[in-house]
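Enquirer: The structure is given below, and queries will be raised subsequently.
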Amino acid sequence: MIIQTIDTTPFSGQKPGTSGLRKKVTEFAQPHYLANFVACIFAAVKPAEGFAGKTLVLGGDGRYFNPEALQIILKMAAAQGFARVLLAQNGILSTPAASHLIRLNQAFGGLVLSASHNEGGPNGDFGIKFNCANGGPAPEKITDAIYALTTSITSYQIMDAPDVDPSQLGRQFVGEMVVEVIDSVVDYVALMEQLFDFEALRGLFASGFTMKFDAMSAVTGPYAHAIFENALGAPLGTVLNGKPLPDFGGHHPDPNIVHAKALYDLMMSEHAPDFGAASDGDGDRNLIIGKGMFVAPSDSLALLAANATCAPAYAKGLAGVARSMPTSMAVDRVAEKLGVPCFETPTGWKFFGNLLDAGQITFCGEESAGASSDHIREKDGLWAVLLWLSILAVRRQSVRDIVLAHWAIYGQNYYTRHDYEAVDTQAANQVMQHIESQFSALVGQQFGSLTVSAADNFSYHDSIDGSVSHNQGLRIAFECGSRIVYRLSGTGTSGATIRIYIERFESTQNQARHNLETQAALADLIALARQFSNIQALTGRAEPSAIT
Ligand code: G16
């Protein structure tokens, strides 16, 4: 087989965002576009001794352009001298399963082809991210190096070889490189069996407990069938939309109450099962809904931490917890009560990696519907569902009762996120500048019953590797513990998305104010958030595009 050197030119805009590079399929499918980026990844991470003897894990969420991308990457990996690629059968590999496979096989790293919860199909989004040997997303120093290389690349190498058949389990070759096609579900299920008491969970389902899990025609379908219906004995039909489709059946594989509306409506109806859950395109996010009770991701993280000992893997308790900065502070109160540290990191799972590797935290999570533990280095949708089931199996209460009991002990953090999507990038930057320019004037000012106590642009100092990440979101804090946070999304593919996160704390003393309608409970802060940002005048948007 011959290694070809292909001349190319740098493409502008190949800058990795919060989680790898995400662009429209039409952009990725341009000649050399994907290859350029992959070449820059390999160049950025190549060790001095090269890739000889090393293993790469490869797969994705099955979205449009995955099959073509797999073949390109396999031939480029062979040209780079990798010894072996572990390829998920048919390319179907969830992000958490990829993280596990990398760790289990002591691989050099992995490439995951996914744009997560973004829409798929020929006009939808595609994405690619590199995960390191610890199983976690590449840290900023690597993504910065990749970006720098994309601005100067002039050629890449690729093996001139026939395509691999990703449906055939077993060994194939690209040149001298072994391609081992594996069933990625098996190892993941084995890991979940180590963490959770499957016997107890089988008992829960045997007792008549009912559940619906919406796989959203995305990657978790095969994993969910194997775990819930095969291993735990839940009836067939427990898993909805369980077949991964390249266009996710035309739906947006984002597990929130907007895009998983059918599940939400079912859970709010009189036919609701005991428990409802969903996961996203690549299986790292989770949605949890009880009968008549949606559980906000920030609350879910706090509840999982408070009840962690319900699962055997966490019976000894937690070393510490971490949350991304815009995530509500509900988990902070749990950490305080448990007497363990709580870390505040920037948005993006990569920032949890060092804390997990150093054993300083056991659980971490984000408002964007991600939660996980130290079992891997990614967020894990099915893990969150299994931990919830473990809690329900031990406590034998409804989700609603568990949430209400939690608020009675810890108080309640009312929380909402208002997204302004596809805003003109320049206008979005103006909004951020406008907010920041008022910081010194705002501190100490009173607005009705709310007094601003602090305002800053969040910088994160990583205590493990000493790195500092600036510009991670604008925070305005109030004396009563309420907050407004502004951030520009790092995962969108059209224009800019402004996210406004709003939070108010009601203490346990104030039971009368518990369980109010969220938007009503936050109305004064929402009005202030719009006033401080001047968002309507600067962007022309009177209302957000999405409220979650
Ligand atoms: C990715 C990251 C998450 C992060 C989210 C934020 O999620 O993996 O850690 O919270 O992006 O997105 P944004 O920058 O748009 O607010 P995912 O599930 O898309 O990979």
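Each chain in the structure tokens gets a letter, A, B and so on, in the order shown; residues start at 1 in every chain, and ligands are counted from 1 in the order they appear.
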Quick one: residues within 10 Å of Ala454 in chain A, only C-alpha atoms, excluding same-chain residues fewer than 5 positions away - as number ranges by chain?
Expert: A: 439-440, 442-444, 475-479, 483
Enquirer: List all protein, DNA and RNA residues that have at least one atom no more than 10 Å from any atom of ligand 1, counting only C-alpha atoms and all ligand atoms, and write them as a ChimeraX atom specification.
Expert: /A:17-20,22,95,114-118,127,129,137,254-255,279-286,323-327,346-352,365-371,378-381,419,487-493,496-499
Enquirer: Nearest to Gln426 in chain A: which of A:Asn90, A:Ser298, A:Ser217, A:Thr539 is it, counting only C-alpha atoms?
Expert: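 Ranking A:Asn90, A:Ser298, A:Ser217, A:Thr539 by distance to Gln426 in chain A, first place goes to A:Thr539.
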Enquirer: Residues near range 181-189 of chain A, anyone? I mean within 6 Å using only C-alpha atoms, not counting same-chain ones fewer than 4 positions away, as a short mmCIF file (atom, residue, chain, number, x, y, z; two decimals) with C-alpha atoms, in the first residue's frame.
Expert:
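Done, and the output landed in selection_23.cif:
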data_model
loop_
_atom_site.label_atom_id
_atom_site.label_comp_id
_atom_site.auth_asym_id
_atom_site.auth_seq_id
_atom_site.Cartn_x
_atom_site.Cartn_y
_atom_site.Cartn_z
CA LEU A 87 -13.40 0.45 15.54
CA ALA A 88 -16.92 0.22 16.93
CA GLN A 89 -19.14 -2.01 14.81
CA ALA A 97 -18.35 4.11 25.84
CA LEU A 169 -16.67 -8.04 13.71
CA GLY A 170 -13.05 -9.15 13.94
CA TYR A 223 -26.86 0.23 24.88
#
Enquirer: Give me, as a PyMOL selection string, all polymer residues having an atom no more than 6 Å from range 54-68 of chain A, counting only C-alpha atoms and skipping those fewer than 5 positions away in the same chain.
Expert: chain A and resi 82-88+91-93+107-114+120-121+219+246+282
Enquirer: Could you give me, as number ranges by chain, each residue of range 279-429 of chain A that DSSP assigns to strand (DSSP E or B) when run on this structure's backbone?
Expert: A: 279, 285-290, 293-295, 321-324, 342-345, 363-366, 370-373, 412-423
Enquirer: With only C-alpha atoms as the counted atoms, please give the residues lying no more than 8 Å from Ile464 in chain A, apart from itself and same-chain residues fewer than 2 positions off, as a VMD selection string.
Expert: chain A and resid 354 to 355 358 462 466
